[in-house]
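This is target_5.csv (CSV, C-alpha atoms).
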chain,number,residue,atom,x,y,z
A,1,MET,CA,137.9,57.2,68.1
A,2,LYS,CA,135.4,57.5,71.0
A,3,LYS,CA,137.7,59.7,73.0
A,4,GLU,CA,138.2,62.0,70.0
A,5,MET,CA,134.5,62.2,69.4
A,6,ALA,CA,133.9,63.0,73.0
A,7,LYS,CA,136.6,65.6,73.0
A,8,LEU,CA,135.1,67.2,69.9
A,9,GLY,CA,131.6,67.1,71.5
A,10,LEU,CA,132.9,68.9,74.6
A,11,THR,CA,134.7,71.5,72.5
A,12,LEU,CA,131.6,72.2,70.5
A,13,MET,CA,129.6,72.5,73.7
A,14,LEU,CA,132.1,75.0,75.1
A,15,TYR,CA,131.9,77.1,72.0
A,16,ALA,CA,128.2,77.0,72.0
A,17,SER,CA,128.1,78.0,75.6
A,18,LEU,CA,130.5,80.9,75.0
A,19,ALA,CA,128.4,82.1,72.0
A,20,CYS,CA,125.2,82.1,74.0
A,21,ALA,CA,126.9,84.0,76.9
A,22,SER,CA,128.2,86.5,74.4
A,23,LEU,CA,124.8,87.0,72.8
A,24,ALA,CA,123.3,87.5,76.3
A,25,ILE,CA,125.9,90.1,77.2
A,26,VAL,CA,125.4,92.0,73.9
A,27,TYR,CA,121.6,91.9,74.3
A,28,ALA,CA,121.9,93.3,77.9
A,29,ILE,CA,124.1,96.1,76.7
A,30,THR,CA,122.1,97.1,73.6
A,31,LYS,CA,118.6,96.5,75.0
A,32,ASP,CA,118.2,100.0,76.6
A,33,SER,CA,119.6,101.6,73.4
A,34,ILE,CA,117.1,99.7,71.2
A,35,ASN,CA,114.2,100.6,73.5
A,36,ARG,CA,115.3,104.3,73.4
A,37,GLN,CA,115.5,104.3,69.6
A,38,GLY,CA,112.1,102.6,69.4
A,39,GLU,CA,110.5,105.3,71.6
A,40,ILE,CA,112.2,108.1,69.6
A,41,GLN,CA,110.8,106.5,66.4
A,42,LEU,CA,107.3,106.3,67.9
A,43,GLN,CA,107.3,109.9,69.2
A,44,THR,CA,108.6,111.2,65.8
A,45,SER,CA,106.0,109.2,63.9
A,46,LEU,CA,103.2,110.5,66.2
A,47,LYS,CA,104.3,114.1,65.6
A,48,ASP,CA,104.5,113.5,61.8
A,49,ILE,CA,101.0,112.2,61.7
A,50,PHE,CA,99.6,114.9,64.1
A,51,PRO,CA,101.9,117.9,63.8
A,52,GLN,CA,99.5,120.1,65.8
A,53,ALA,CA,99.4,117.7,68.8
A,54,VAL,CA,100.8,118.7,72.2
A,55,SER,CA,100.1,115.4,74.0
A,56,PHE,CA,99.5,111.7,73.3
A,57,ASP,CA,97.6,110.1,76.2
A,58,PRO,CA,97.7,106.3,76.3
A,59,ILE,CA,94.2,104.7,76.2
A,60,GLN,CA,92.8,101.2,76.3
A,61,GLY,CA,89.6,99.6,75.1
A,62,LEU,CA,90.3,99.3,71.4
A,63,THR,CA,89.3,95.9,69.9
A,64,SER,CA,90.5,94.4,66.6
A,65,THR,CA,87.8,92.6,64.6
A,66,ASP,CA,90.6,90.7,62.8
A,67,PRO,CA,92.1,88.0,65.1
A,68,ASN,CA,95.5,88.2,63.2
A,69,ILE,CA,95.8,91.9,63.8
A,70,LYS,CA,96.7,93.1,67.3
A,71,PHE,CA,97.1,96.5,68.9
A,72,GLU,CA,100.3,97.2,70.8
A,73,ALA,CA,99.3,100.6,72.0
A,74,ALA,CA,96.8,103.4,71.4
A,75,TYR,CA,96.8,107.1,72.1
A,76,GLU,CA,94.2,109.9,72.4
A,77,VAL,CA,95.8,112.8,70.5
A,78,LYS,CA,95.2,116.3,71.9
A,79,GLY,CA,96.0,119.8,70.7
A,80,GLY,CA,96.0,121.7,74.0
A,81,THR,CA,92.7,120.7,75.6
A,82,ALA,CA,90.9,119.7,72.4
A,83,PRO,CA,91.1,116.2,71.0
A,84,LEU,CA,92.5,115.8,67.5
A,85,GLY,CA,92.0,112.0,67.0
A,86,ILE,CA,93.3,108.6,67.9
A,87,ALA,CA,96.7,107.0,67.0
A,88,VAL,CA,97.0,103.2,67.0
A,89,LYS,CA,100.1,101.1,66.9
A,90,ALA,CA,99.1,97.9,65.2
A,91,ILE,CA,100.8,94.6,64.2
A,92,GLY,CA,99.6,92.1,61.6
A,93,PRO,CA,100.9,89.5,59.2
A,94,SER,CA,102.6,90.5,55.9
A,95,TYR,CA,104.6,88.7,53.3
A,96,GLY,CA,107.9,88.7,55.2
A,97,GLY,CA,106.5,88.3,58.7
A,98,PRO,CA,104.8,90.6,61.2
A,99,ALA,CA,104.5,94.3,60.1
A,100,THR,CA,104.0,97.1,62.6
A,101,LEU,CA,102.2,100.3,61.7
A,102,LEU,CA,101.2,103.5,63.4
A,103,VAL,CA,97.8,104.7,62.1
A,104,GLY,CA,96.3,108.0,62.8
A,105,VAL,CA,92.5,108.7,62.6
A,106,ASP,CA,91.2,112.3,62.9
A,107,LEU,CA,87.8,113.5,64.2
A,108,LEU,CA,86.4,113.5,60.7
A,109,ARG,CA,86.8,109.7,60.7
A,110,THR,CA,89.5,109.8,58.0
A,111,ILE,CA,93.1,108.6,58.0
A,112,SER,CA,95.3,111.4,59.1
A,113,GLY,CA,98.5,109.5,58.3
A,114,VAL,CA,100.3,106.1,58.4
A,115,ARG,CA,103.9,105.3,59.3
A,116,ILE,CA,105.5,101.9,59.1
A,117,MET,CA,107.4,101.1,62.2
A,118,ALA,CA,108.7,97.6,61.2
A,119,LEU,CA,108.5,95.7,57.9
A,120,THR,CA,110.5,92.7,56.6
A,121,ASP,CA,109.0,92.2,53.2
A,122,THR,CA,111.0,91.7,50.0
A,123,PRO,CA,113.4,94.5,49.1
A,124,GLY,CA,112.5,96.3,45.9
A,125,LEU,CA,109.0,94.8,46.1
A,126,GLY,CA,106.9,94.9,49.4
A,127,MET,CA,109.6,97.1,51.0
A,128,ASN,CA,108.6,99.8,48.5
A,129,ALA,CA,105.9,100.6,51.0
A,130,THR,CA,108.6,102.4,53.0
A,131,ASN,CA,110.3,104.0,50.0
A,132,PRO,CA,109.6,107.8,49.9
A,133,THR,CA,110.5,107.9,46.2
A,134,TYR,CA,108.3,105.0,45.1
A,135,TYR,CA,105.1,106.4,43.7
A,136,VAL,CA,101.8,104.6,43.0
A,137,ASN,CA,100.8,107.8,41.2
A,138,LYS,CA,103.9,109.3,39.5
A,139,ALA,CA,102.0,112.3,38.1
A,140,LYS,CA,101.0,113.4,41.6
A,141,LYS,CA,104.0,111.8,43.3
A,142,THR,CA,101.8,109.8,45.7
A,143,THR,CA,103.5,107.1,47.7
A,144,PHE,CA,101.8,103.9,48.7
A,145,LEU,CA,101.2,105.2,52.2
A,146,GLY,CA,100.4,108.7,51.0
A,147,GLN,CA,97.3,107.5,49.2
A,148,PHE,CA,95.7,106.8,52.6
A,149,ASP,CA,96.1,110.4,53.8
A,150,GLY,CA,92.6,111.8,54.2
A,151,LYS,CA,91.0,108.6,53.1
A,152,ALA,CA,87.5,108.0,54.6
A,153,LEU,CA,87.2,104.9,56.6
A,154,THR,CA,83.8,104.3,55.0
A,155,ASP,CA,85.7,103.4,51.8
A,156,PRO,CA,86.2,99.7,50.9
A,157,PHE,CA,90.0,99.7,51.5
A,158,GLN,CA,90.3,97.0,48.7
A,159,VAL,CA,93.6,96.6,46.8
A,160,LYS,CA,93.2,97.1,43.1
A,161,ASN,CA,89.8,98.8,43.8
A,162,ASP,CA,90.2,102.0,45.8
A,163,VAL,CA,93.8,101.2,46.9
A,164,VAL,CA,96.6,101.1,44.4
A,165,ALA,CA,98.9,98.2,44.9
A,166,ILE,CA,102.7,98.2,44.9
A,167,THR,CA,103.8,96.7,41.6
A,168,ALA,CA,104.5,92.9,42.0
A,169,ALA,CA,103.7,93.1,45.7
A,170,THR,CA,100.0,92.5,45.9
A,171,ILE,CA,100.2,90.5,49.1
A,172,SER,CA,102.3,93.1,50.9
A,173,SER,CA,99.9,95.8,49.7
A,174,ARG,CA,96.8,93.9,50.9
A,175,SER,CA,98.4,93.1,54.3
A,176,ILE,CA,99.3,96.7,55.0
A,177,THR,CA,95.9,97.9,53.9
A,178,ASN,CA,94.2,95.4,56.1
A,179,ILE,CA,96.2,96.6,59.1
A,180,ILE,CA,95.3,100.2,58.4
A,181,LYS,CA,91.6,99.4,58.0
A,182,ALA,CA,91.5,97.4,61.2
A,183,ALA,CA,93.2,100.1,63.2
A,184,GLY,CA,91.0,102.8,61.7
A,185,ASP,CA,87.8,100.9,62.4
A,186,ALA,CA,88.8,100.3,66.0
A,187,ALA,CA,89.7,104.0,66.5
A,188,ILE,CA,86.2,105.0,65.2
A,189,ALA,CA,84.5,102.5,67.4
A,190,TYR,CA,86.3,103.9,70.4
A,191,MET,CA,85.5,107.5,69.5
A,192,ASN,CA,81.8,106.6,69.0
A,193,ALA,CA,81.7,104.8,72.3
A,194,GLN,CA,83.2,107.7,74.1
A,195,ALA,CA,80.8,110.1,72.5
A,196,SER,CA,77.8,108.0,73.4
A,197,THR,CA,78.8,107.8,77.1
A,198,ALA,CA,79.9,111.5,77.5
A,199,PRO,CA,77.7,113.5,79.9
A,200,ALA,CA,76.0,116.7,78.6
A,201,ASP,CA,78.8,118.9,80.1
A,202,GLY,CA,81.4,117.0,78.1
A,203,SER,CA,83.4,116.1,81.2
A,204,ALA,CA,83.9,112.4,80.3
A,205,GLN,CA,87.5,111.3,80.3
A,206,PRO,CA,88.9,108.4,78.3
A,207,GLN,CA,90.3,105.3,80.0
A,208,THR,CA,94.0,105.7,80.5
A,209,GLY,CA,96.8,103.1,80.6
A,210,ALA,CA,98.7,101.2,77.9
A,211,ALA,CA,96.7,99.3,75.4
A,212,VAL,CA,99.0,96.3,74.9
A,213,ASP,CA,98.3,92.9,73.4
A,214,SER,CA,101.4,90.8,73.4
A,215,ALA,CA,100.0,88.1,71.2
A,216,GLN,CA,101.9,87.8,67.9
A,217,PRO,CA,100.0,87.2,64.7
A,218,GLN,CA,101.0,84.4,62.4
A,219,ALA,CA,103.2,85.3,59.5
A,220,GLY,CA,101.3,85.8,56.3
A,221,GLY,CA,101.5,83.6,53.2
A,222,LYS,CA,103.2,84.3,49.9
Let me see the structure of the file written as structure tokens.
Amino acid sequence: MKKEMAKLGLTLMLYASLACASLAIVYAITKDSINRQGEIQLQTSLKDIFPQAVSFDPIQGLTSTDPNIKFEAAYEVKGGTAPLGIAVKAIGPSYGGPATLLVGVDLLRTISGVRIMALTDTPGLGMNATNPTYYVNKAKKTTFLGQFDGKALTDPFQVKNDVVAITAATISSRSITNIIKAAGDAAIAYMNAQASTAPADGSAQPQTGAAVDSAQPQAGGK
């Protein structure tokens, strides 16, 4: 019996080792492809939010006032030589785990657009945030994300007040709204700081370099 148990244990160990090795090989093969797809998604989303942009220059110095919301990257958006606004890639907790959003803020201090880069909330409920045919206003065909287009960051950004929630997905709605608001406020703070330190001839340049914070937020509750 002991010999049979030991043999079984060795067999299971061998299978586990082979499985781990296979996963490592698959990851090594697909890693570059995944990274390329992520970059394509990012560039496409940036152009969707700022269609007139010709460049997206990485910047640093944005700070989140919410400890659970982190900024993976931020960009100064330019149309030729003139700035158009700021784009922030932010990650925060939602119902199904961390959600990643790209939030654009224009020079009028309003939301120019929002794109969801990653979301794992409940299909048919929280995932309706990504559904282009799910409308929070059917008459105007306004999607959940669409209601933020042109929204002033001086607004409350409160679900069931000035933000229409996704039906039966209040937590997802509130989580996404909080991420948008945090990214928007940080973008405005950055623009205000740049404006206050700019010399009279307007020659000040923003800090460049990736704005990355690898800390992961805790997953949200129900």
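Of the residues under consideration (A:Asn137, A:Gln158, A:Gln147, A:Ser173), A:Ser173 shows the shortest atom-to-atom contact distance to Leu119 (chain A) when counting only C-alpha atoms.
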For Ile69 (chain A), which of A:Ile116, A:Val136, A:Ile180, A:Ile188 is the closest residue, counting all atoms listed in the file? A:Ile180
Give as a list in words the set of residues within 8 Å of the point (94.3, 95.5, 66.1), where distances use the file's coordinates and all atoms listed in the file.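 All residues meeting the 8 Å criterion around (94.3, 95.5, 66.1) are Leu62, Thr63, Ser64, Thr65, Asp66, Pro67, Asn68, Ile69, Lys70, Phe71, Glu72, Ala90, Ile91, Gly92, Ile179, Ala182, Ala183 and Ala186 of chain A.
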Skip Thr130 (chain A) itself and residues of its chain fewer than 5 positions away, then list as a PyMOL selection string all residues within 12 Å of it, counting all atoms listed in the file. chain A and resi 99-101+114-125+135+143-146+166+172-173+176
What does the distance between CA of Phe50 (chain A) and CA of Pro93 (chain A) come to in Å, to one decimal place? 25.9 Å
Measuring atom to atom with all atoms listed in the file, identify which of A:Ala87, A:Val105, A:Ala169, A:Leu46 is nearest to Asn128 (chain A). A:Ala169
